[in-house]
$ cat protein-v7.cif   # mmCIF, C-alpha atoms
data_target
#
loop_
_atom_site.label_atom_id
_atom_site.label_comp_id
_atom_site.auth_asym_id
_atom_site.auth_seq_id
_atom_site.Cartn_x
_atom_site.Cartn_y
_atom_site.Cartn_z
CA MET A 1 -9.65 -21.84 4.55
CA THR A 2 -7.45 -23.03 1.72
CA ASP A 3 -7.92 -25.33 -1.24
CA ASN A 4 -5.01 -27.01 -2.98
CA HIS A 5 -6.82 -26.88 -6.33
CA ARG A 6 -8.41 -23.45 -6.18
CA THR A 7 -7.59 -20.39 -4.11
CA ASP A 8 -9.74 -17.32 -4.54
CA ILE A 9 -7.69 -14.80 -2.59
CA SER A 10 -4.06 -14.55 -1.54
CA PHE A 11 -3.76 -12.24 1.48
CA ILE A 12 -0.27 -10.75 1.52
CA THR A 13 0.97 -8.88 4.56
CA ILE A 14 4.35 -7.54 5.64
CA CYS A 15 5.63 -8.06 9.17
CA TYR A 16 8.44 -5.88 10.50
CA ASN A 17 8.81 -6.19 14.27
CA GLY A 18 5.05 -6.42 14.51
CA PHE A 19 4.41 -9.98 15.66
CA LYS A 20 1.41 -9.24 17.93
CA ASP A 21 -0.44 -7.20 15.29
CA THR A 22 0.26 -9.81 12.63
CA CYS A 23 -1.18 -12.56 14.83
CA GLU A 24 -4.33 -10.50 15.45
CA LEU A 25 -4.77 -9.97 11.69
CA ILE A 26 -4.33 -13.70 10.98
CA GLU A 27 -6.84 -14.63 13.68
CA SER A 28 -9.42 -12.12 12.45
CA LEU A 29 -9.18 -13.54 8.91
CA GLN A 30 -9.35 -17.15 10.09
CA GLU A 31 -12.28 -16.44 12.39
CA LYS A 32 -14.40 -14.32 10.05
CA LEU A 33 -13.79 -15.58 6.51
CA HIS A 34 -16.01 -18.43 5.30
CA SER A 35 -17.38 -17.24 1.93
CA VAL A 36 -14.12 -17.50 -0.04
CA THR A 37 -11.15 -19.83 -0.30
CA TYR A 38 -7.94 -18.10 0.65
CA GLU A 39 -4.34 -18.35 1.70
CA ILE A 40 -2.44 -16.05 4.03
CA ILE A 41 1.12 -15.10 3.15
CA VAL A 42 3.23 -13.30 5.76
CA VAL A 43 6.56 -11.83 4.67
CA ASP A 44 8.88 -11.15 7.61
CA ASN A 45 10.85 -8.15 6.34
CA ALA A 46 14.07 -8.80 8.31
CA SER A 47 12.54 -8.31 11.75
CA ARG A 48 14.90 -8.44 14.74
CA GLU A 49 13.56 -11.89 15.62
CA ASP A 50 12.61 -14.58 13.11
CA GLU A 51 8.90 -13.80 13.24
CA ALA A 52 8.21 -16.03 10.23
CA ALA A 53 9.34 -19.07 12.19
CA LYS A 54 7.15 -18.12 15.18
CA ILE A 55 4.13 -17.60 12.91
CA SER A 56 4.70 -20.95 11.18
CA ARG A 57 4.65 -22.71 14.55
CA LEU A 58 1.49 -20.92 15.72
CA TYR A 59 -0.41 -21.02 12.42
CA PRO A 60 0.69 -24.03 10.32
CA SER A 61 -1.66 -23.14 7.44
CA VAL A 62 -0.07 -19.69 6.99
CA ILE A 63 2.71 -19.31 4.44
CA ALA A 64 5.39 -17.44 6.39
CA ILE A 65 8.47 -16.27 4.49
CA ARG A 66 11.58 -14.86 6.14
CA SER A 67 13.48 -12.21 4.20
CA GLU A 68 16.96 -11.50 5.53
CA VAL A 69 16.86 -8.07 3.84
CA ASN A 70 14.30 -5.36 4.51
CA GLY A 71 13.10 -4.59 1.00
CA GLY A 72 10.57 -2.02 2.16
CA PHE A 73 6.84 -2.13 1.50
CA SER A 74 7.19 -2.97 -2.18
CA GLY A 75 10.05 -5.42 -1.83
CA GLY A 76 8.20 -7.39 0.83
CA ASN A 77 4.96 -7.43 -1.12
CA ASN A 78 6.77 -8.57 -4.27
CA ILE A 79 8.09 -11.56 -2.34
CA GLY A 80 4.49 -12.32 -1.42
CA ILE A 81 3.35 -11.92 -5.03
CA ARG A 82 5.87 -14.52 -6.19
CA ALA A 83 4.51 -17.03 -3.66
CA ALA A 84 0.81 -16.28 -4.22
CA ARG A 85 -1.56 -18.75 -5.91
CA GLY A 86 -4.81 -16.80 -5.62
CA LYS A 87 -6.92 -15.43 -8.45
CA TYR A 88 -7.00 -12.15 -6.53
CA LEU A 89 -4.19 -10.61 -4.48
CA PHE A 90 -5.17 -8.71 -1.35
CA PHE A 91 -2.38 -6.54 0.08
CA ILE A 92 -3.22 -5.75 3.67
CA ASN A 93 -1.26 -4.04 6.46
CA ASN A 94 -0.41 -6.26 9.40
CA ASP A 95 -1.85 -3.65 11.81
CA THR A 96 -5.37 -4.14 10.47
CA TYR A 97 -8.23 -6.56 11.12
CA ILE A 98 -11.73 -7.36 9.89
CA GLU A 99 -14.94 -7.78 11.84
CA SER A 100 -17.19 -9.38 9.20
CA ASP A 101 -17.10 -11.71 6.21
CA ALA A 102 -17.54 -9.10 3.47
CA ILE A 103 -14.39 -9.71 1.42
CA SER A 104 -16.54 -11.29 -1.29
CA CYS A 105 -17.99 -7.81 -1.99
CA LEU A 106 -14.54 -6.76 -3.21
CA VAL A 107 -14.41 -9.75 -5.54
CA GLU A 108 -17.90 -8.89 -6.75
CA ARG A 109 -16.76 -5.33 -7.54
CA LEU A 110 -13.68 -6.58 -9.41
CA GLU A 111 -15.77 -8.97 -11.47
CA SER A 112 -18.53 -6.45 -12.23
CA ARG A 113 -16.59 -5.15 -15.25
CA PRO A 114 -13.42 -6.36 -16.99
CA GLU A 115 -11.96 -2.83 -16.90
CA ILE A 116 -11.83 -2.82 -13.09
CA GLY A 117 -8.38 -3.98 -12.00
CA GLY A 118 -8.21 -3.04 -8.34
CA VAL A 119 -10.39 -2.12 -5.38
CA SER A 120 -9.92 -0.84 -1.83
CA PRO A 121 -12.49 -1.25 0.95
CA LYS A 122 -13.67 1.36 3.39
CA ILE A 123 -10.94 1.79 6.00
CA ARG A 124 -11.79 2.94 9.53
CA PHE A 125 -9.53 3.75 12.43
CA ALA A 126 -9.46 0.92 14.93
CA PHE A 127 -9.43 3.20 17.95
CA PRO A 128 -12.58 4.94 19.24
CA PRO A 129 -14.55 6.64 17.87
CA GLN A 130 -13.50 4.52 14.84
CA HIS A 131 -14.02 7.29 12.32
CA ILE A 132 -13.33 6.76 8.64
CA GLN A 133 -9.73 6.89 7.44
CA PHE A 134 -10.31 6.20 3.73
CA ALA A 135 -13.29 6.36 1.40
CA GLY A 136 -11.40 7.05 -1.81
CA PHE A 137 -8.75 9.54 -2.92
CA THR A 138 -8.86 12.83 -4.77
CA PRO A 139 -6.40 13.11 -7.69
CA LEU A 140 -2.90 14.40 -7.03
CA SER A 141 -2.52 18.05 -7.97
CA ARG A 142 -0.32 18.35 -11.05
CA ILE A 143 2.45 20.50 -9.63
CA THR A 144 2.38 20.16 -5.85
CA LEU A 145 1.45 16.44 -5.87
CA ARG A 146 -0.90 16.80 -2.93
CA ASN A 147 -4.25 15.09 -2.53
CA ASN A 148 -6.81 14.16 0.11
CA MET A 149 -8.48 11.06 1.44
CA LEU A 150 -12.25 11.30 1.17
CA GLY A 151 -14.06 10.82 4.46
CA PHE A 152 -10.93 11.18 6.58
CA GLY A 153 -11.90 11.73 10.23
CA CYS A 154 -15.64 11.58 9.50
CA PRO A 155 -18.10 9.36 11.39
CA ASP A 156 -19.28 6.27 9.53
CA ASP A 157 -22.86 7.53 9.23
CA GLY A 158 -23.66 6.30 5.73
CA LYS A 159 -22.41 9.34 3.84
CA TYR A 160 -19.55 7.34 2.33
CA ASP A 161 -21.48 4.17 1.48
CA THR A 162 -21.60 4.69 -2.28
CA PRO A 163 -19.04 2.79 -4.40
CA HIS A 164 -17.10 4.97 -6.84
CA PRO A 165 -13.91 5.05 -8.90
CA THR A 166 -10.79 6.31 -7.13
CA PRO A 167 -7.55 7.40 -8.82
CA TYR A 168 -5.45 5.45 -6.31
CA LEU A 169 -5.81 2.42 -4.07
CA HIS A 170 -4.91 2.59 -0.37
CA GLY A 171 -1.79 0.65 0.55
CA ALA A 172 -3.25 -0.55 3.86
CA ALA A 173 -5.90 -2.63 2.08
CA MET A 174 -6.14 -3.20 -1.66
CA MET A 175 -7.20 -6.13 -3.82
CA ILE A 176 -6.18 -6.55 -7.45
CA LYS A 177 -6.80 -9.09 -10.18
CA ARG A 178 -3.78 -11.28 -10.82
CA GLU A 179 -3.80 -10.29 -14.50
CA VAL A 180 -3.03 -6.67 -13.58
CA ILE A 181 0.55 -7.54 -12.70
CA GLY A 182 1.16 -8.84 -16.20
CA LYS A 183 0.25 -5.43 -17.65
CA ALA A 184 1.24 -2.95 -14.92
CA GLY A 185 4.22 -4.82 -13.49
CA MET A 186 4.98 -5.61 -9.87
CA MET A 187 5.26 -3.01 -7.11
CA PRO A 188 7.96 -0.41 -7.82
CA GLU A 189 10.78 -1.10 -5.38
CA ILE A 190 12.56 2.19 -6.01
CA PHE A 191 10.42 4.01 -3.41
CA PHE A 192 11.05 1.73 -0.39
CA LEU A 193 8.64 3.72 1.76
CA TYR A 194 5.75 6.08 0.79
CA TYR A 195 4.28 6.81 -2.66
CA GLU A 196 4.72 3.25 -3.94
CA GLU A 197 0.98 2.49 -4.00
CA LEU A 198 0.27 5.83 -5.73
CA ASP A 199 2.89 5.04 -8.36
CA TRP A 200 1.58 1.48 -8.79
CA SER A 201 -2.00 2.73 -9.05
CA THR A 202 -0.88 5.17 -11.74
CA SER A 203 0.73 2.27 -13.62
CA MET A 204 -2.54 0.34 -13.41
CA THR A 205 -4.64 3.19 -14.79
CA ARG A 206 -2.04 3.81 -17.49
CA ALA A 207 -2.43 0.13 -18.44
CA GLY A 208 -6.16 0.75 -18.95
CA TYR A 209 -7.64 -0.39 -15.64
CA GLU A 210 -10.14 1.36 -13.40
CA LEU A 211 -9.67 1.45 -9.62
CA TRP A 212 -12.61 1.50 -7.22
CA TYR A 213 -13.63 2.15 -3.64
CA GLU A 214 -16.07 -0.46 -2.29
CA PRO A 215 -17.69 0.46 1.07
CA ARG A 216 -19.57 -2.80 1.64
CA CYS A 217 -16.33 -4.20 3.04
CA THR A 218 -14.62 -2.49 5.98
CA VAL A 219 -11.08 -2.96 7.26
CA PHE A 220 -10.06 -1.52 10.63
CA HIS A 221 -6.61 0.10 10.83
CA LYS A 222 -4.67 0.61 14.06
CA GLU A 223 -3.00 3.75 12.76
CA SER A 224 -3.45 6.86 14.87
CA GLN A 225 -5.87 9.44 13.49
CA SER A 226 -3.54 12.23 14.59
CA THR A 227 -0.55 13.12 12.44
CA GLY A 228 2.34 10.77 13.14
CA GLN A 229 5.54 11.86 14.79
CA LEU A 230 7.91 13.64 12.47
CA SER A 231 11.04 11.59 11.92
CA GLN A 232 14.14 11.89 9.77
CA LEU A 233 13.18 8.71 7.94
CA ARG A 234 9.66 9.87 7.12
CA THR A 235 10.81 13.38 6.11
CA TYR A 236 13.58 12.02 3.88
CA TYR A 237 11.42 9.51 2.02
CA LEU A 238 8.43 11.82 1.56
CA THR A 239 10.70 14.52 0.12
CA ARG A 240 12.63 12.13 -2.09
CA ASN A 241 9.66 10.12 -3.32
CA ARG A 242 7.50 13.08 -4.38
CA LEU A 243 10.34 14.00 -6.71
CA LEU A 244 10.67 10.43 -7.94
CA TYR A 245 6.92 10.18 -8.53
CA ALA A 246 6.97 13.40 -10.57
CA ARG A 247 9.94 12.26 -12.64
CA ARG A 248 8.40 8.83 -13.28
CA ASN A 249 4.81 9.79 -14.01
CA LEU A 250 4.50 13.37 -15.25
CA ARG A 251 5.40 14.57 -18.72
CA GLY A 252 6.44 17.82 -20.36
CA ALA A 253 5.77 21.11 -18.60
CA ALA A 254 3.94 19.43 -15.71
CA ARG A 255 6.99 17.27 -14.98
CA LEU A 256 9.40 20.20 -15.11
CA GLY A 257 7.09 22.39 -13.04
CA SER A 258 6.57 19.77 -10.36
CA VAL A 259 10.26 18.89 -10.06
CA LEU A 260 11.16 22.57 -9.77
CA TYR A 261 8.41 23.20 -7.21
CA GLN A 262 9.32 20.16 -5.06
CA SER A 263 13.04 20.88 -5.08
CA THR A 264 12.79 24.64 -4.43
CA VAL A 265 9.55 26.10 -3.07
CA ALA A 266 8.36 23.08 -1.08
CA ALA A 267 11.84 22.11 0.12
CA LEU A 268 12.73 25.64 1.22
CA LYS A 269 9.43 26.12 3.00
CA ASN A 270 9.63 22.79 4.88
CA GLY A 271 13.34 23.12 5.61
CA LEU A 272 12.98 26.62 7.05
CA LEU A 273 10.02 25.63 9.19
CA TYR A 274 12.01 22.73 10.66
CA ALA A 275 15.07 24.96 11.23
CA LEU A 276 12.96 27.58 13.02
CA LYS A 277 11.67 24.84 15.33
CA GLY A 278 15.21 23.76 16.03
CA ARG A 279 14.76 20.50 14.13
CA PHE A 280 17.98 20.69 12.14
CA ASP A 281 17.88 16.90 11.75
CA LEU A 282 14.69 17.30 9.71
CA PHE A 283 16.20 20.22 7.80
CA LEU A 284 19.07 17.94 6.77
CA ALA A 285 16.60 15.16 5.90
CA VAL A 286 14.83 17.53 3.47
CA CYS A 287 18.17 18.45 1.85
CA LYS A 288 19.17 14.81 1.50
CA GLY A 289 15.73 13.93 0.16
CA VAL A 290 15.93 16.59 -2.54
CA ASN A 291 19.42 15.52 -3.52
CA SER A 292 18.45 11.84 -3.78
CA GLY A 293 15.19 12.64 -5.56
CA LEU A 294 17.06 14.56 -8.25
CA ILE A 295 20.03 12.27 -8.86
CA LEU A 296 18.58 8.77 -8.40
CA PRO A 297 17.64 7.01 -11.66
CA SER A 298 13.87 7.39 -11.78
CA ALA A 299 13.26 4.13 -13.63
CA ASN A 300 12.85 0.91 -11.70
CA LYS A 301 15.62 -1.10 -13.32
CA GLU A 302 14.18 -4.32 -11.94
CA THR A 303 10.78 -3.85 -13.59
CA LYS A 304 11.42 -5.75 -16.84
CA GLU A 305 13.26 -8.55 -15.05
CA GLN A 306 10.49 -8.79 -12.44
CA LYS A 307 7.82 -9.04 -15.12
CA ASN A 308 9.74 -11.78 -16.94
CA GLU A 309 10.26 -13.63 -13.69
CA TYR A 310 6.55 -13.35 -12.88
CA TYR A 311 5.56 -14.84 -16.24
CA GLU A 312 8.08 -17.68 -15.82
CA HIS A 313 6.50 -18.68 -12.49
CA HIS A 314 2.86 -18.24 -13.53
#

$ encode --input "protein-v7.cif" --output "structure tokens"
Amino acid sequence: MTDNHRTDISFITICYNGFKDTCELIESLQEKLHSVTYEIIVVDNASREDEAAKISRLYPSVIAIRSEVNGGFSGGNNIGIRAARGKYLFFINNDTYIESDAISCLVERLESRPEIGGVSPKIRFAFPPQHIQFAGFTPLSRITLRNNMLGFGCPDDGKYDTPHPTPYLHGAAMMIKREVIGKAGMMPEIFFLYYEELDWSTSMTRAGYELWYEPRCTVFHKESQSTGQLSQLRTYYLTRNRLLYARRNLRGAARLGSVLYQSTVAALKNGLLYALKGRFDLFLAVCKGVNSGLILPSANKETKEQKNEYYEHH
């Protein structure tokens, strides 16, 4: 449901070789949503096939944008932000779907107080027994930069049905007020993969906004509940981006302590474990991640230009 004069919500999703999942997400939104006006923006992040063109043919009302370069999670979402017209921006993974029209509860939470800038719904695993994946985050520890998802792996038995503030939004499903971008900037593209939503959430809270978990709305996520397969890509980016997050967001002794811990204790421990298992590819990925995390400029050089561009178009 769209309205040329007023759009409540812009759904922004990234498609990377995930045509079937993206179609299922689009159809769940179109079938279930009737209480809000909305637009759906799909950014094809340089998939092997032109999935944007296929989506445009199948769903003429969907705004499908083809990017010839894979800009990662943040780069793709920033393309969507530039095209969005909604009062609220809902970033949602393409491997998710909804089963009820409860998106308006997220809007209600955002509008309950001006200080609230972003909200994530309850997220449950799509596969049986459909336990909870996310019901809020705990804060990152200051040195090790580890945290937990509340409710992870628990049955949805009502225990996690109380709304509450959360230090970070979940990248698989998060809605923000449009005004937040003007103060916190667009998504940081320096990360490419992992930690970008934590960094962005930190920017939002630094700008004075509160972030919330709202359980009246549920999104189902097709991610496996078991730990994903270890890969060189995942190991490299997790190692690199913890260091980048520490350098960008911590100050003083905490920053020094975390950078030292990530680049020595954590790296040595993980690298040795991988080597003992015969995974020398992962050992090398840790080494490369540490090296990149220490020498890459920690600032997002595009941030100021992105903010200016955003203001010019809105």

$ resolve_selection --input "protein-v7.cif" --expression "the PyMOL selection byres ((chain A and resi 20-33) around 12)" --output "ChimeraX atom specification"
/A:1-2,8-19,34-44,51-52,54-64,92-104,219-223

$ residues_around --input "protein-v7.cif" --residues "A:Phe137" --least-positions-apart "4" --cutoff "7 Å" --atoms "all atoms listed in the file" --output "ChimeraX atom specification"
/A:148-150,166-168

$ atom_distance --input "protein-v7.cif" --atom1 "atom CA of A:Gly72" --atom2 "atom CA of A:Thr218"
25.5 Å

$ resolve_selection --input "protein-v7.cif" --expression "the PyMOL selection byres ((chain A and resi 286) around 10)" --output "mmCIF file with C-alpha atoms, keeping the file's coordinate frame"
data_model
loop_
_atom_site.group_PDB
_atom_site.id
_atom_site.type_symbol
_atom_site.label_atom_id
_atom_site.label_comp_id
_atom_site.auth_asym_id
_atom_site.auth_seq_id
_atom_site.Cartn_x
_atom_site.Cartn_y
_atom_site.Cartn_z
ATOM 1 C CA GLN A 232 14.140 11.890 9.770
ATOM 2 C CA ARG A 234 9.660 9.870 7.120
ATOM 3 C CA THR A 235 10.810 13.380 6.110
ATOM 4 C CA TYR A 236 13.580 12.020 3.880
ATOM 5 C CA TYR A 237 11.420 9.510 2.020
ATOM 6 C CA LEU A 238 8.430 11.820 1.560
ATOM 7 C CA THR A 239 10.700 14.520 0.120
ATOM 8 C CA ARG A 240 12.630 12.130 -2.090
ATOM 9 C CA SER A 263 13.040 20.880 -5.080
ATOM 10 C CA ALA A 266 8.360 23.080 -1.080
ATOM 11 C CA ALA A 267 11.840 22.110 0.120
ATOM 12 C CA LEU A 268 12.730 25.640 1.220
ATOM 13 C CA ASN A 270 9.630 22.790 4.880
ATOM 14 C CA GLY A 271 13.340 23.120 5.610
ATOM 15 C CA LEU A 272 12.980 26.620 7.050
ATOM 16 C CA TYR A 274 12.010 22.730 10.660
ATOM 17 C CA PHE A 280 17.980 20.690 12.140
ATOM 18 C CA ASP A 281 17.880 16.900 11.750
ATOM 19 C CA LEU A 282 14.690 17.300 9.710
ATOM 20 C CA PHE A 283 16.200 20.220 7.800
ATOM 21 C CA LEU A 284 19.070 17.940 6.770
ATOM 22 C CA ALA A 285 16.600 15.160 5.900
ATOM 23 C CA CYS A 287 18.170 18.450 1.850
ATOM 24 C CA LYS A 288 19.170 14.810 1.500
ATOM 25 C CA GLY A 289 15.730 13.930 0.160
ATOM 26 C CA VAL A 290 15.930 16.590 -2.540
ATOM 27 C CA ASN A 291 19.420 15.520 -3.520
ATOM 28 C CA SER A 292 18.450 11.840 -3.780
#

$ atom_distance --input "protein-v7.cif" --atom1 "atom CA of A:Gln133" --atom2 "atom CA of A:Phe152"
4.5 Å

$ closest_residue --input "protein-v7.cif" --among "A:Ala126, A:Met204, A:Cys217, A:Val265" --to "A:Met186" --atoms "all atoms listed in the file"
A:Met204

$ residues_near_point --input "protein-v7.cif" --point "(7.4, -1.6, -0.6)" --cutoff "12 Å" --atoms "all atoms listed in the file" --output "MDAnalysis selection string"
chainID A and resid 13:16 43 45 70:81 91 93 171:172 186:200

$ closest_residue --input "protein-v7.cif" --among "A:Pro165, A:Gly293, A:Pro139, A:Gly153" --to "A:Leu110" --atoms "only C-alpha atoms"
A:Pro165

$ residues_around --input "protein-v7.cif" --residues "A:Gly117" --least-positions-apart "4" --cutoff "9 Å" --atoms "all atoms listed in the file" --output "NGL selection string"
:A and (110-111 or 113 or 175-180 or 204-205 or 208-212)

$ atom_distance --input "protein-v7.cif" --atom1 "atom CA of A:Glu214" --atom2 "atom CA of A:Gly86"
20.1 Å

$ resolve_selection --input "protein-v7.cif" --expression "the PyMOL selection byres ((chain A and resi 129) around 10)" --output "NGL selection string"
:A and (124-128 or 130-132 or 153-156)

$ closest_residue --input "protein-v7.cif" --among "A:Leu169, A:Ala83, A:Ile65, A:Leu243" --to "A:Pro121" --atoms "only C-alpha atoms"
A:Leu169

$ residues_around --input "protein-v7.cif" --residues "A:Tyr160" --least-positions-apart "6" --cutoff "8 Å" --atoms "only C-alpha atoms" --output "JSON, numbers by chain"
{"A": [135, 151, 215]}

$ closest_residue --input "protein-v7.cif" --among "A:Lys183, A:Arg48, A:His170, A:Arg142" --to "A:Arg251" --atoms "all atoms listed in the file"
A:Arg142

$ axis_aligned_box --input "protein-v7.cif" --around "stretch 101-120 of chain A" --padding-each-side "6 Å" --output "AutoDock Vina command-line options"
--center_x -13.4 --center_y -6.3 --center_z -5.4 --size_x 22.3 --size_y 22.9 --size_z 35.2

$ build_atoms --input "protein-v7.cif" --residues "stretch 271-297 of chain A" --atoms "N, CA and C atoms" --output "PDB file, in the coordinates of the input"
ATOM      1  N   GLY A 271      12.045  23.057   4.948  1.00  0.00           N
ATOM      2  CA  GLY A 271      13.340  23.120   5.610  1.00  0.00           C
ATOM      3  C   GLY A 271      13.432  24.286   6.579  1.00  0.00           C
ATOM      4  N   LEU A 272      12.933  25.451   6.166  1.00  0.00           N
ATOM      5  CA  LEU A 272      12.980  26.620   7.050  1.00  0.00           C
ATOM      6  C   LEU A 272      12.089  26.449   8.268  1.00  0.00           C
ATOM      7  N   LEU A 273      10.911  25.871   8.061  1.00  0.00           N
ATOM      8  CA  LEU A 273      10.020  25.630   9.190  1.00  0.00           C
ATOM      9  C   LEU A 273      10.677  24.703  10.224  1.00  0.00           C
ATOM     10  N   TYR A 274      11.327  23.653   9.749  1.00  0.00           N
ATOM     11  CA  TYR A 274      12.010  22.730  10.660  1.00  0.00           C
ATOM     12  C   TYR A 274      13.162  23.435  11.375  1.00  0.00           C
ATOM     13  N   ALA A 275      13.924  24.256  10.630  1.00  0.00           N
ATOM     14  CA  ALA A 275      15.070  24.960  11.230  1.00  0.00           C
ATOM     15  C   ALA A 275      14.599  25.931  12.309  1.00  0.00           C
ATOM     16  N   LEU A 276      13.489  26.641  12.039  1.00  0.00           N
ATOM     17  CA  LEU A 276      12.960  27.580  13.020  1.00  0.00           C
ATOM     18  C   LEU A 276      12.499  26.877  14.294  1.00  0.00           C
ATOM     19  N   LYS A 277      12.087  25.624  14.163  1.00  0.00           N
ATOM     20  CA  LYS A 277      11.670  24.840  15.330  1.00  0.00           C
ATOM     21  C   LYS A 277      12.850  24.156  16.010  1.00  0.00           C
ATOM     22  N   GLY A 278      14.034  24.382  15.463  1.00  0.00           N
ATOM     23  CA  GLY A 278      15.210  23.760  16.030  1.00  0.00           C
ATOM     24  C   GLY A 278      15.412  22.309  15.605  1.00  0.00           C
ATOM     25  N   ARG A 279      14.633  21.877  14.604  1.00  0.00           N
ATOM     26  CA  ARG A 279      14.760  20.500  14.130  1.00  0.00           C
ATOM     27  C   ARG A 279      15.708  20.459  12.930  1.00  0.00           C
ATOM     28  N   PHE A 280      16.992  20.666  13.218  1.00  0.00           N
ATOM     29  CA  PHE A 280      17.980  20.690  12.140  1.00  0.00           C
ATOM     30  C   PHE A 280      18.190  19.291  11.545  1.00  0.00           C
ATOM     31  N   ASP A 281      17.820  18.247  12.304  1.00  0.00           N
ATOM     32  CA  ASP A 281      17.880  16.900  11.750  1.00  0.00           C
ATOM     33  C   ASP A 281      16.884  16.741  10.604  1.00  0.00           C
ATOM     34  N   LEU A 282      15.697  17.368  10.769  1.00  0.00           N
ATOM     35  CA  LEU A 282      14.690  17.300   9.710  1.00  0.00           C
ATOM     36  C   LEU A 282      15.071  18.210   8.538  1.00  0.00           C
ATOM     37  N   PHE A 283      15.697  19.333   8.853  1.00  0.00           N
ATOM     38  CA  PHE A 283      16.200  20.220   7.800  1.00  0.00           C
ATOM     39  C   PHE A 283      17.181  19.463   6.901  1.00  0.00           C
ATOM     40  N   LEU A 284      18.097  18.723   7.532  1.00  0.00           N
ATOM     41  CA  LEU A 284      19.070  17.940   6.770  1.00  0.00           C
ATOM     42  C   LEU A 284      18.384  16.814   5.999  1.00  0.00           C
ATOM     43  N   ALA A 285      17.337  16.237   6.582  1.00  0.00           N
ATOM     44  CA  ALA A 285      16.600  15.160   5.900  1.00  0.00           C
ATOM     45  C   ALA A 285      15.941  15.675   4.629  1.00  0.00           C
ATOM     46  N   VAL A 286      15.419  16.918   4.678  1.00  0.00           N
ATOM     47  CA  VAL A 286      14.830  17.530   3.470  1.00  0.00           C
ATOM     48  C   VAL A 286      15.916  17.710   2.412  1.00  0.00           C
ATOM     49  N   CYS A 287      17.066  18.230   2.806  1.00  0.00           N
ATOM     50  CA  CYS A 287      18.170  18.450   1.850  1.00  0.00           C
ATOM     51  C   CYS A 287      18.605  17.140   1.200  1.00  0.00           C
ATOM     52  N   LYS A 288      18.759  16.107   2.029  1.00  0.00           N
ATOM     53  CA  LYS A 288      19.170  14.810   1.500  1.00  0.00           C
ATOM     54  C   LYS A 288      18.088  14.218   0.592  1.00  0.00           C
ATOM     55  N   GLY A 289      16.829  14.431   0.963  1.00  0.00           N
ATOM     56  CA  GLY A 289      15.730  13.930   0.160  1.00  0.00           C
ATOM     57  C   GLY A 289      15.684  14.572  -1.219  1.00  0.00           C
ATOM     58  N   VAL A 290      15.896  15.889  -1.262  1.00  0.00           N
ATOM     59  CA  VAL A 290      15.930  16.590  -2.540  1.00  0.00           C
ATOM     60  C   VAL A 290      17.088  16.088  -3.395  1.00  0.00           C
ATOM     61  N   ASN A 291      18.243  15.974  -2.782  1.00  0.00           N
ATOM     62  CA  ASN A 291      19.420  15.520  -3.520  1.00  0.00           C
ATOM     63  C   ASN A 291      19.201  14.124  -4.124  1.00  0.00           C
ATOM     64  N   SER A 292      18.698  13.198  -3.301  1.00  0.00           N
ATOM     65  CA  SER A 292      18.450  11.840  -3.780  1.00  0.00           C
ATOM     66  C   SER A 292      17.352  11.816  -4.847  1.00  0.00           C
ATOM     67  N   GLY A 293      16.306  12.609  -4.619  1.00  0.00           N
ATOM     68  CA  GLY A 293      15.190  12.640  -5.560  1.00  0.00           C
ATOM     69  C   GLY A 293      15.570  13.157  -6.931  1.00  0.00           C
ATOM     70  N   LEU A 294      16.619  13.998  -6.975  1.00  0.00           N
ATOM     71  CA  LEU A 294      17.060  14.560  -8.250  1.00  0.00           C
ATOM     72  C   LEU A 294      18.087  13.693  -8.964  1.00  0.00           C
ATOM     73  N   ILE A 295      18.930  12.988  -8.202  1.00  0.00           N
ATOM     74  CA  ILE A 295      20.030  12.270  -8.860  1.00  0.00           C
ATOM     75  C   ILE A 295      19.779  10.777  -9.029  1.00  0.00           C
ATOM     76  N   LEU A 296      18.852  10.195  -8.244  1.00  0.00           N
ATOM     77  CA  LEU A 296      18.580   8.770  -8.400  1.00  0.00           C
ATOM     78  C   LEU A 296      17.972   8.494  -9.770  1.00  0.00           C
ATOM     79  N   PRO A 297      18.340   7.392 -10.425  1.00  0.00           N
ATOM     80  CA  PRO A 297      17.640   7.010 -11.660  1.00  0.00           C
ATOM     81  C   PRO A 297      16.169   6.812 -11.343  1.00  0.00           C
TER      82      PRO A 297
END
